[in-house]
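Enquirer: If it helps, the file is called query-v9.cif and holds mmCIF, C-alpha atoms:
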```cif
data_coords
#
loop_
_atom_site.label_atom_id
_atom_site.label_comp_id
_atom_site.auth_asym_id
_atom_site.auth_seq_id
_atom_site.Cartn_x
_atom_site.Cartn_y
_atom_site.Cartn_z
CA MET J 414 -29.65 -19.73 14.64
CA ASN J 415 -31.16 -17.75 17.44
CA GLN J 416 -29.22 -14.49 17.66
CA LEU J 417 -31.01 -13.20 20.72
CA ALA J 418 -30.35 -16.41 22.66
CA LEU J 419 -26.67 -16.28 21.74
CA LEU J 420 -26.50 -12.65 22.83
CA GLN J 421 -28.18 -13.38 26.17
CA ASN J 422 -26.04 -16.41 26.95
CA ALA J 423 -22.84 -14.55 26.10
CA LEU J 424 -23.95 -11.60 28.22
CA VAL J 425 -24.60 -13.94 31.16
CA VAL J 426 -21.11 -15.41 30.76
CA GLY J 427 -19.66 -11.91 30.71
CA ALA J 428 -21.66 -10.95 33.80
CA ILE J 429 -20.45 -14.02 35.69
CA LEU J 430 -16.81 -13.28 34.82
CA PHE J 431 -17.25 -9.64 35.84
CA SER J 432 -18.82 -10.56 39.19
CA LEU J 433 -16.13 -13.11 39.92
CA GLY J 434 -13.47 -10.50 39.22
CA LEU J 435 -15.28 -8.04 41.47
CA VAL J 436 -15.39 -10.51 44.35
CA GLY J 437 -11.72 -11.30 43.80
CA ILE J 438 -10.60 -7.69 43.82
CA LEU J 439 -12.66 -7.01 46.94
CA THR J 440 -11.48 -9.96 48.98
CA ARG J 441 -8.00 -11.04 48.01
CA ARG J 442 -5.04 -9.36 49.65
CA ASN J 443 -2.25 -10.42 47.35
CA LEU J 444 -1.56 -7.51 45.01
CA ILE J 445 -0.95 -9.76 42.03
CA VAL J 446 -4.15 -11.73 42.56
CA MET J 447 -5.98 -8.40 42.77
CA PHE J 448 -4.61 -7.45 39.36
CA LEU J 449 -5.54 -10.85 37.98
CA SER J 450 -9.10 -10.21 39.22
CA ALA J 451 -9.12 -6.86 37.42
CA GLU J 452 -8.05 -8.60 34.24
CA LEU J 453 -10.88 -11.10 34.77
CA MET J 454 -13.34 -8.19 34.90
CA LEU J 455 -11.88 -6.88 31.65
CA GLN J 456 -12.41 -10.31 30.08
CA GLY J 457 -16.07 -10.24 31.09
CA ILE J 458 -16.44 -6.82 29.50
CA SER J 459 -14.75 -8.08 26.33
CA VAL J 460 -17.18 -10.99 26.03
CA SER J 461 -20.15 -8.64 26.46
CA LEU J 462 -18.84 -6.16 23.90
CA VAL J 463 -18.16 -8.84 21.30
CA ALA J 464 -21.62 -10.32 21.91
CA TRP J 465 -23.24 -6.96 21.23
CA SER J 466 -21.01 -6.50 18.19
CA ARG J 467 -22.18 -9.85 16.81
CA TYR J 468 -25.80 -9.04 17.54
CA HIS J 469 -25.76 -5.62 15.93
CA GLY J 470 -23.69 -6.81 13.02
CA ASP J 471 -21.01 -4.14 13.13
CA PHE J 472 -17.43 -3.92 14.29
CA GLY J 473 -17.76 -1.25 16.96
CA GLY J 474 -17.60 -3.66 19.88
CA GLN J 475 -14.65 -5.55 18.47
CA VAL J 476 -12.71 -2.34 17.86
CA LEU J 477 -13.41 -1.32 21.44
CA VAL J 478 -12.11 -4.69 22.68
CA ILE J 479 -8.88 -4.12 20.75
CA PHE J 480 -8.42 -0.86 22.64
CA VAL J 481 -9.26 -2.66 25.88
CA LEU J 482 -6.44 -5.09 25.10
CA THR J 483 -4.06 -2.20 24.49
CA VAL J 484 -4.97 -0.41 27.69
CA ALA J 485 -4.75 -3.70 29.62
CA ALA J 486 -1.20 -4.19 28.36
CA CYS J 487 -0.22 -0.68 29.48
CA GLU J 488 -2.01 -1.12 32.80
CA ALA J 489 -0.27 -4.42 33.49
CA ALA J 490 3.14 -2.91 32.68
CA VAL J 491 2.73 0.13 34.93
CA ALA J 492 0.96 -1.79 37.70
CA LEU J 493 3.57 -4.52 37.85
CA VAL J 494 6.30 -1.92 38.13
CA PHE J 495 4.51 -0.43 41.12
CA VAL J 496 3.98 -3.89 42.61
CA LEU J 497 7.70 -4.54 42.32
CA GLN J 498 8.49 -1.21 43.99
CA ALA J 499 6.01 -1.96 46.77
CA PHE J 500 7.55 -5.37 47.27
CA ALA J 501 11.02 -3.85 47.40
CA ARG J 502 9.86 -1.51 50.19
CA THR J 503 7.86 -3.89 52.37
CA GLY J 504 9.02 -7.35 51.42
CA ARG J 505 5.42 -8.46 51.12
CA LEU J 506 2.83 -8.56 48.37
CA ASP J 507 0.20 -7.81 51.01
CA SER J 508 -2.17 -4.93 50.34
CA ALA J 509 -2.67 -4.55 54.10
CA ALA J 510 1.02 -3.67 54.39
CA TRP J 511 0.04 -0.22 53.12
CA GLN J 512 -2.76 0.42 55.56
CA SER J 513 -0.86 3.32 57.12
CA LEU J 514 -2.12 5.23 54.07
CA ARG J 515 -5.74 4.85 55.24
CA GLU J 516 -7.95 7.67 56.42
CA SER J 517 -7.12 8.84 59.89
CA ASN J 518 -10.58 8.08 61.30
CA LEU J 519 -10.63 4.47 60.12
CA PRO J 520 -9.60 1.67 62.48
CA ARG J 521 -6.49 -0.30 61.83
CA ARG J 522 -7.10 -3.73 60.34
CA VAL J 523 -5.87 -6.52 62.57
CA ASP J 524 -5.87 -10.14 61.48
CA HIS J 525 -7.62 -11.94 64.30
CA GLU J 526 -7.54 -15.51 63.12
CA LEU J 527 -4.34 -15.41 61.18
CA PRO J 528 -3.38 -18.97 60.31
CA ALA J 529 -0.03 -20.25 61.38
CA ILE J 530 2.66 -20.48 58.77
CA ASP J 531 2.09 -23.62 56.77
CA THR J 532 4.69 -26.06 58.04
CA VAL J 533 3.33 -29.02 56.12
CA PRO J 534 5.65 -29.57 53.18
CA PRO J 535 3.88 -29.47 49.85
CA SER J 536 3.37 -32.86 48.28
CA PHE J 537 4.83 -33.07 44.83
CA PRO J 538 4.30 -36.08 42.59
CA ARG J 539 7.15 -38.53 42.69
CA LEU J 540 8.15 -40.07 39.43
CA THR J 541 9.35 -43.65 39.61
CA PRO J 542 12.81 -43.86 38.07
CA ALA J 543 12.82 -45.71 34.82
CA GLY J 544 15.73 -47.69 33.50
CA VAL J 545 19.10 -48.08 35.14
CA LEU J 546 21.28 -45.20 36.28
CA PRO J 547 24.52 -45.44 34.36
CA ALA J 548 27.70 -45.69 36.38
CA ALA J 549 29.35 -42.32 36.73
CA ASP J 550 32.76 -41.97 35.16
CA GLU J 551 34.72 -39.56 37.33
CA ASN J 552 37.14 -38.60 34.58
CA ASP J 553 34.23 -37.83 32.29
CA LEU J 554 32.64 -35.65 34.96
CA LEU J 555 35.81 -33.67 35.44
CA GLN J 556 36.24 -33.02 31.74
CA ARG J 557 32.78 -31.68 31.26
CA GLU J 558 32.67 -28.04 30.28
CA HIS J 559 29.01 -27.25 30.82
CA VAL J 560 26.68 -28.44 33.47
CA MET Q 1330 -37.96 -26.76 26.11
CA ILE Q 1331 -36.95 -29.02 28.95
CA ALA Q 1332 -39.57 -31.57 29.91
CA VAL Q 1333 -38.74 -31.57 33.62
CA ALA Q 1334 -40.92 -29.22 35.62
CA LEU Q 1335 -38.68 -26.32 36.56
CA PRO Q 1336 -39.38 -23.76 39.25
CA SER Q 1337 -40.34 -20.34 38.01
CA PRO Q 1338 -37.46 -18.25 36.61
CA GLY Q 1339 -37.48 -15.86 39.56
CA VAL Q 1340 -37.18 -18.66 42.11
CA LEU Q 1341 -34.51 -20.33 40.00
CA LEU Q 1342 -32.49 -17.13 39.75
CA ALA Q 1343 -32.83 -16.39 43.46
CA GLY Q 1344 -31.69 -19.91 44.31
CA ALA Q 1345 -28.75 -19.65 41.93
CA VAL Q 1346 -27.69 -16.30 43.39
CA THR Q 1347 -27.91 -17.61 46.96
CA ALA Q 1348 -25.96 -20.73 46.07
CA ALA Q 1349 -23.33 -18.62 44.31
CA ALA Q 1350 -22.91 -16.34 47.35
CA VAL Q 1351 -22.64 -19.22 49.83
CA SER Q 1352 -20.29 -21.19 47.63
CA LEU Q 1353 -18.00 -18.20 47.08
CA TRP Q 1354 -17.96 -17.57 50.83
CA LEU Q 1355 -17.08 -21.20 51.50
CA LEU Q 1356 -14.41 -21.30 48.80
CA LEU Q 1357 -12.60 -18.05 49.56
CA PRO Q 1358 -9.65 -18.21 51.94
CA ARG Q 1359 -10.95 -17.58 55.45
CA GLY Q 1360 -8.04 -18.31 57.71
CA ARG Q 1361 -9.06 -21.65 59.15
CA ASP Q 1362 -10.93 -23.55 56.54
CA SER Q 1363 -11.56 -27.23 56.32
CA ARG Q 1364 -11.62 -29.52 53.34
CA PRO Q 1365 -15.31 -30.56 53.75
CA ALA Q 1366 -16.35 -26.90 53.68
CA ARG Q 1367 -14.50 -26.37 50.43
CA TRP Q 1368 -16.08 -29.49 48.93
CA LEU Q 1369 -19.50 -28.20 49.98
CA GLY Q 1370 -18.62 -24.86 48.42
CA GLY Q 1371 -17.65 -26.55 45.19
CA LEU Q 1372 -20.90 -28.51 45.09
CA LEU Q 1373 -22.93 -25.36 45.76
CA GLY Q 1374 -21.00 -23.55 43.05
CA ALA Q 1375 -21.84 -26.34 40.60
CA ALA Q 1376 -25.49 -26.04 41.59
CA ALA Q 1377 -25.36 -22.26 41.05
CA LEU Q 1378 -23.78 -22.79 37.65
CA ALA Q 1379 -26.51 -25.26 36.72
CA GLY Q 1380 -29.07 -22.65 37.78
CA PHE Q 1381 -27.47 -20.01 35.58
CA VAL Q 1382 -27.30 -22.45 32.67
CA LEU Q 1383 -31.01 -23.13 33.11
CA THR Q 1384 -31.79 -19.41 33.13
CA GLY Q 1385 -30.07 -19.12 29.74
CA ARG Q 1386 -31.86 -19.68 26.46
CA ARG Q 1387 -31.58 -22.46 23.95
CA LEU Q 1388 -29.47 -21.43 21.00
CA GLY Q 1389 -31.03 -23.75 18.48
CA GLY Q 1390 -28.18 -25.60 16.83
CA LEU Q 1391 -27.01 -28.53 18.93
CA GLY Q 1392 -23.36 -28.36 17.88
CA GLU Q 1393 -22.97 -24.66 18.53
CA GLU Q 1394 -24.85 -25.00 21.78
CA ALA Q 1395 -22.53 -27.75 23.01
CA VAL Q 1396 -19.40 -25.84 22.02
CA PHE Q 1397 -20.64 -22.64 23.64
CA LEU Q 1398 -21.59 -24.49 26.84
CA ILE Q 1399 -18.19 -26.18 27.10
CA VAL Q 1400 -16.05 -23.11 26.47
CA SER Q 1401 -18.14 -20.88 28.72
CA LEU Q 1402 -18.04 -23.48 31.52
CA VAL Q 1403 -14.25 -23.63 31.14
CA ALA Q 1404 -14.06 -19.83 31.34
CA VAL Q 1405 -16.36 -19.49 34.35
CA ILE Q 1406 -14.97 -22.39 36.39
CA SER Q 1407 -11.38 -21.31 35.77
CA GLY Q 1408 -12.33 -17.74 36.61
CA ALA Q 1409 -13.76 -18.89 39.93
CA ALA Q 1410 -10.67 -20.98 40.60
CA THR Q 1411 -8.52 -17.91 39.85
CA ILE Q 1412 -9.99 -15.95 42.72
CA VAL Q 1413 -10.24 -18.79 45.25
CA SER Q 1414 -6.80 -20.36 44.79
CA ARG Q 1415 -4.58 -20.00 47.82
CA SER Q 1416 -1.37 -19.89 45.86
CA PRO Q 1417 -0.99 -16.89 43.52
CA VAL Q 1418 0.95 -19.02 41.04
CA TYR Q 1419 -2.02 -21.37 40.78
CA SER Q 1420 -4.23 -18.30 40.36
CA ALA Q 1421 -2.16 -17.19 37.38
CA ILE Q 1422 -2.29 -20.65 35.80
CA TRP Q 1423 -6.07 -20.84 36.30
CA PHE Q 1424 -6.34 -17.40 34.75
CA ALA Q 1425 -4.54 -18.74 31.67
CA LEU Q 1426 -7.18 -21.46 31.40
CA ALA Q 1427 -9.92 -18.85 31.84
CA LEU Q 1428 -8.35 -16.92 28.98
CA ALA Q 1429 -8.52 -20.04 26.83
CA GLY Q 1430 -12.23 -20.33 27.65
CA VAL Q 1431 -12.88 -16.66 26.92
CA SER Q 1432 -11.04 -17.02 23.64
CA GLY Q 1433 -13.31 -19.95 22.78
CA VAL Q 1434 -16.38 -17.84 23.58
CA LEU Q 1435 -15.06 -15.08 21.32
CA LEU Q 1436 -14.51 -17.60 18.53
CA VAL Q 1437 -18.06 -18.90 18.89
CA LEU Q 1438 -19.25 -15.31 18.70
CA GLY Q 1439 -17.42 -14.91 15.41
CA ALA Q 1440 -14.57 -12.65 16.56
CA GLN Q 1441 -11.69 -14.63 15.11
CA PHE Q 1442 -9.02 -11.96 15.39
CA LEU Q 1443 -9.91 -11.16 18.99
CA GLY Q 1444 -9.96 -14.82 19.96
CA VAL Q 1445 -6.41 -15.27 18.74
CA ALA Q 1446 -5.27 -11.88 20.04
CA THR Q 1447 -6.55 -12.71 23.51
CA ILE Q 1448 -4.40 -15.83 23.59
CA VAL Q 1449 -1.34 -14.11 22.14
CA VAL Q 1450 -1.46 -10.85 24.07
CA TYR Q 1451 -2.90 -12.00 27.38
CA ALA Q 1452 -1.68 -15.55 27.83
CA GLY Q 1453 1.52 -15.04 25.87
CA ALA Q 1454 2.71 -11.71 27.20
CA ILE Q 1455 0.74 -10.24 30.10
CA LEU Q 1456 0.37 -13.48 32.02
CA VAL Q 1457 4.02 -14.37 31.56
CA MET Q 1458 4.87 -10.95 32.96
CA PHE Q 1459 2.68 -11.68 35.98
CA LEU Q 1460 4.49 -14.97 36.49
CA PHE Q 1461 7.89 -13.25 36.25
CA VAL Q 1462 6.86 -10.75 38.92
CA LEU Q 1463 5.50 -13.58 41.07
CA MET Q 1464 8.78 -15.41 40.86
CA LEU Q 1465 10.71 -12.23 41.67
CA ALA Q 1466 8.54 -11.29 44.60
CA GLN Q 1467 6.99 -14.44 46.03
CA PRO Q 1468 8.26 -15.45 49.44
CA ALA Q 1469 8.89 -19.11 50.09
CA GLY Q 1470 5.85 -21.12 51.04
CA LEU Q 1471 2.27 -19.95 51.31
CA ALA Q 1472 2.16 -16.45 52.76
CA PRO Q 1473 -0.32 -15.75 55.59
CA TYR Q 1474 -2.00 -12.97 53.65
CA ASP Q 1475 -2.86 -15.47 50.90
CA ARG Q 1476 -4.80 -17.55 53.40
CA VAL Q 1477 -7.15 -14.83 54.67
CA SER Q 1478 -9.52 -12.53 52.82
CA ASN Q 1479 -11.02 -9.11 53.36
CA GLU Q 1480 -14.68 -9.57 54.34
CA PRO Q 1481 -15.39 -12.73 52.33
CA LEU Q 1482 -19.06 -12.95 53.33
CA LEU Q 1483 -20.00 -9.38 52.42
CA SER Q 1484 -18.03 -9.49 49.19
CA ALA Q 1485 -19.59 -12.79 48.13
CA ILE Q 1486 -23.06 -11.41 48.82
CA ALA Q 1487 -22.28 -8.22 46.89
CA GLY Q 1488 -20.89 -10.10 43.91
CA ALA Q 1489 -23.78 -12.58 43.79
CA THR Q 1490 -26.32 -9.75 44.09
CA LEU Q 1491 -24.70 -7.87 41.23
CA LEU Q 1492 -24.70 -11.07 39.18
CA GLY Q 1493 -28.38 -11.68 39.92
CA LEU Q 1494 -29.36 -8.14 38.94
CA LEU Q 1495 -27.34 -8.34 35.71
CA THR Q 1496 -28.89 -11.70 34.82
CA LEU Q 1497 -32.34 -10.34 35.56
CA SER Q 1498 -31.84 -7.35 33.27
CA ILE Q 1499 -30.30 -9.55 30.56
CA GLY Q 1500 -33.32 -11.85 30.72
CA ARG Q 1501 -35.58 -8.83 30.26
CA LEU Q 1502 -33.95 -8.07 26.90
CA SER Q 1503 -36.27 -10.34 24.98
CA ALA Q 1504 -39.37 -9.05 26.68
CA ASP Q 1505 -39.07 -5.70 24.96
CA PRO Q 1506 -38.61 -6.31 21.24
CA SER Q 1507 -38.26 -2.64 20.41
CA CYS Q 1508 -35.09 -2.20 22.46
CA CYS Q 1509 -32.62 -4.25 20.52
CA GLN Q 1510 -33.15 -4.17 16.81
CA MET Q 1511 -30.21 -4.87 14.61
CA PRO Q 1512 -29.88 -1.45 12.99
CA SER Q 1513 -28.18 -2.42 9.75
CA LYS Q 1514 -30.38 -5.40 8.97
CA ALA Q 1515 -33.51 -3.60 10.09
CA ALA Q 1516 -32.63 -0.71 7.82
CA ALA Q 1517 -31.92 -3.10 4.98
CA MET Q 1518 -35.22 -4.84 5.47
CA ALA Q 1519 -37.10 -1.56 5.76
CA ALA Q 1520 -35.46 -0.35 2.58
CA GLY Q 1521 -36.21 -3.63 0.86
CA THR Q 1522 -39.91 -3.62 1.75
CA ALA Q 1523 -40.30 0.05 0.88
CA GLY Q 1524 -38.52 -0.49 -2.40
CA THR Q 1525 -41.53 0.47 -4.48
CA SER Q 1526 -41.58 4.00 -3.17
CA VAL Q 1527 -37.86 4.49 -2.54
CA ASP Q 1528 -35.17 4.31 -5.14
CA ALA Q 1529 -34.26 0.73 -5.99
CA ALA Q 1530 -30.59 1.69 -5.93
CA HIS Q 1531 -30.96 2.89 -2.34
CA ALA Q 1532 -32.36 -0.48 -1.29
CA GLY Q 1533 -29.47 -2.23 -2.99
CA ASP Q 1534 -26.98 0.02 -1.20
CA ALA Q 1535 -28.58 -0.69 2.16
CA ILE Q 1536 -28.50 -4.45 1.59
CA ASP Q 1537 -24.88 -4.20 0.44
CA ALA Q 1538 -24.06 -2.28 3.60
CA ALA Q 1539 -25.75 -4.96 5.69
CA ILE Q 1540 -23.69 -7.65 3.99
CA ALA Q 1541 -20.50 -5.61 4.30
CA THR Q 1542 -20.82 -5.40 8.06
CA ASP Q 1543 -21.72 -9.04 8.62
CA PRO Q 1544 -19.24 -10.22 11.26
CA LEU Q 1545 -19.35 -13.79 9.98
CA ALA Q 1546 -18.14 -13.01 6.48
CA ALA Q 1547 -15.05 -14.76 5.17
CA ASP Q 1548 -12.82 -11.68 5.11
CA GLN Q 1549 -13.95 -10.58 8.54
CA VAL Q 1550 -10.44 -9.86 9.83
CA ALA Q 1551 -9.62 -7.67 6.85
CA ARG Q 1552 -12.84 -5.74 7.37
CA LEU Q 1553 -12.03 -5.31 11.05
CA GLY Q 1554 -8.65 -3.89 10.08
CA GLY Q 1555 -10.29 -1.55 7.61
CA GLU Q 1556 -12.70 -0.35 10.25
CA LEU Q 1557 -9.89 0.05 12.79
CA PHE Q 1558 -7.60 2.05 10.51
CA GLY Q 1559 -10.39 3.91 8.78
CA ARG Q 1560 -12.98 5.13 11.22
CA HIS Q 1561 -10.87 4.80 14.35
CA LEU Q 1562 -7.50 5.97 13.01
CA LEU Q 1563 -7.16 8.76 15.54
CA ALA Q 1564 -7.88 6.37 18.40
CA VAL Q 1565 -5.20 4.02 17.08
CA GLU Q 1566 -2.70 6.87 17.14
CA ALA Q 1567 -3.73 7.74 20.68
CA ALA Q 1568 -3.31 4.10 21.72
CA GLY Q 1569 0.18 4.11 20.23
CA VAL Q 1570 1.08 7.20 22.25
CA LEU Q 1571 -0.39 5.53 25.34
CA LEU Q 1572 1.77 2.45 24.81
CA LEU Q 1573 4.88 4.58 24.40
CA VAL Q 1574 4.09 6.58 27.54
CA ALA Q 1575 3.51 3.41 29.54
CA LEU Q 1576 6.75 1.90 28.27
CA VAL Q 1577 8.87 4.96 29.05
CA GLY Q 1578 7.11 5.60 32.35
CA SER Q 1579 7.51 2.10 33.70
CA ILE Q 1580 11.17 1.95 32.73
CA ALA Q 1581 11.73 5.32 34.38
CA VAL Q 1582 10.02 4.23 37.60
CA VAL Q 1583 11.94 0.96 37.72
CA SER Q 1584 15.37 2.35 36.95
CA ARG Q 1585 15.20 5.29 39.32
CA HIS Q 1586 16.17 3.13 42.28
CA GLY Q 1587 18.58 0.98 40.32
CA ASP Q 1588 16.22 -1.95 40.53
CA PRO Q 1589 17.61 -4.97 38.69
CA SER Q 1590 14.20 -5.82 37.28
CA GLY Q 1591 14.56 -3.59 34.25
CA GLU Q 1592 14.62 -6.61 31.95
CA LEU Q 1593 10.82 -6.64 31.99
CA ALA Q 1594 10.82 -4.04 29.24
CA PRO Q 1595 11.16 -6.40 26.23
CA ALA Q 1596 8.24 -8.48 27.44
CA ARG Q 1597 6.21 -5.32 27.76
CA ARG Q 1598 7.06 -4.30 24.25
CA ALA Q 1599 5.99 -7.73 23.04
CA ALA Q 1600 2.78 -7.39 25.01
CA SER Q 1601 1.82 -4.33 23.08
#
```
Take the structure in the file and give it back as structure tokens.
Expert:
Amino acid sequence: MNQLALLQNALVVGAILFSLGLVGILTRRNLIVMFLSAELMLQGISVSLVAWSRYHGDFGGQVLVIFVLTVAACEAAVALVFVLQAFARTGRLDSAAWQSLRESNLPRRVDHELPAIDTVPPSFPRLTPAGVLPAADENDLLQREHV
Amino acid sequence: MIAVALPSPGVLLAGAVTAAAVSLWLLLPRGRDSRPARWLGGLLGAAALAGFVLTGRRLGGLGEEAVFLIVSLVAVISGAATIVSRSPVYSAIWFALALAGVSGVLLVLGAQFLGVATIVVYAGAILVMFLFVLMLAQPAGLAPYDRVSNEPLLSAIAGATLLGLLTLSIGRLSADPSCCQMPSKAAAMAAGTAGTSVDAAHAGDAIDAAIATDPLAADQVARLGGELFGRHLLAVEAAGVLLLVALVGSIAVVSRHGDPSGELAPARRAAS
């Protein structure tokens, strides 16, 4: 088995995941999607660390990934609390809702081509009813204790 | 090697990076976007992925190669879908699939405990917490701020450039054989070849050490635990304190305003 090839391929996978997370955290405006992108970057780092650990034949990288998992759990807990507080204040998960905190010499961001609210109802799959609907017994319905 | 005449690696990498940037720009939410543009973006993304696969190296074993290719494609495609999905709920679900792919990559790399822990901790606890918060905080329908992005073109170019530079430096790894020796095995081999002059017992110790740190051994998880609670015991204690501080801090922040969302705490404890 070619260890160097495995290392390089795994590192490329980690780099792709990291770059995707970077693009996500730079572009998306939903706070939760931004945190998901940060977690994606952490996943890329984990893949790279485990690849190096495999290549060097020791457990240092894997131990570091365990601590990354721990810190990611703490980060998600604290960050989600702040997201909830931000949502309670503004009613939106929009990061641009907090642009009054920007530097005073920066221009205000205005959405020029903001799309209209999506009025098209989402299309959900319709399941064809199977079998025959049994006739409802009104007395039975009234006697039911739980819904 | 592949029999088809390929362009030179530099041209291939440049093409893959360009295709990745354009496809990300086409796929990201841009306000008014059409379905053909997104299809074109998807096709370009597939072409970029094929380019990056071709820049990779052959592993050798066909079975391992196929498994690695499948799980890494699952991880990368789901990761891309995570950041381009309009609906944040779909983003979270795609992220779960990306976690499954990453866990598969970790298993191929021989990290059994981490592969399972990624599924349990991330997909089982952290992602469920994200979904809870989404359900608490998501307005009805698709919000306008989910359908636009901050500077999609510049960000796509920046991300693709970073990816190209990283791939370039990763490809250079093999060119310099002195940079990445396996220390334990190299030491074992050096000790083994120099066994006539050095103590024979020393050589045996070095080879034993090399075997003891082999990440593919049968009792790999037990060895990982020994390493974690032996060499890194202080760091484990610090991580425990960190978890406690995060737990107490988040509960304190939530309950200061009488927010009814304090029931997130058990999930957080399970996540740790």
Enquirer: Which distance in Å separates atom CA of Q:Leu1342 and atom CA of Q:Ala1429, to one decimal?
Expert: 27.4 Å
Enquirer: I'd like the neighbourhood of Q:Ala1409 as a short mmCIF file (atom, residue, chain, number, x, y, z; two decimals) with C-alpha atoms, in the frame of the given file, where a residue qualifies if any of its atoms comes within 9 Å (using all atoms listed in the file), though same-chain residues fewer than 5 positions away should be ignored.
Expert:
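As a result, out-v5.cif now contains:
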```cif
data_model
loop_
_atom_site.label_atom_id
_atom_site.label_comp_id
_atom_site.auth_asym_id
_atom_site.auth_seq_id
_atom_site.Cartn_x
_atom_site.Cartn_y
_atom_site.Cartn_z
CA LEU J 430 -16.81 -13.28 34.82
CA LEU J 433 -16.13 -13.11 39.92
CA GLY J 434 -13.47 -10.50 39.22
CA GLY J 437 -11.72 -11.30 43.80
CA LEU Q 1353 -18.00 -18.20 47.08
CA ALA Q 1404 -14.06 -19.83 31.34
CA SER Q 1414 -6.80 -20.36 44.79
CA TRP Q 1423 -6.07 -20.84 36.30
CA ALA Q 1427 -9.92 -18.85 31.84
#
```
Enquirer: Here's the selection I'm unsure about, the PyMOL selection byres ((chain J) within 6 of (chain Q)); applied to the file above, which residues does it give, as a list of chain:residue names?
Expert: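 Given this file, the PyMOL selection byres ((chain J) within 6 of (chain Q)) evaluates to J:Met414, J:Asn415, J:Ala418, J:Leu419, J:Asn422, J:Ser432, J:Val436, J:Gly437, J:Thr440, J:Arg441, J:His469, J:Gly470, J:Asp471, J:Cys487, J:Val491, J:Leu527, J:Pro528.
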Enquirer: Assuming the chain letters and numbering stay as they are in my file, what does the PyMOL selection byres ((chain J and resi 460) around 8) actually select? List them as a ChimeraX atom specification.
Expert: /J:423-424,426-427,456-459,461-464 /Q:1431,1434-1435
Enquirer: I'd like the interatomic distance between atom CA of Q:Leu1369 and atom CA of Q:Ala1349, to a tenth of an Å.
Expert: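 Taking atom CA of Q:Leu1369 and atom CA of Q:Ala1349, their separation equals 11.8 Å.
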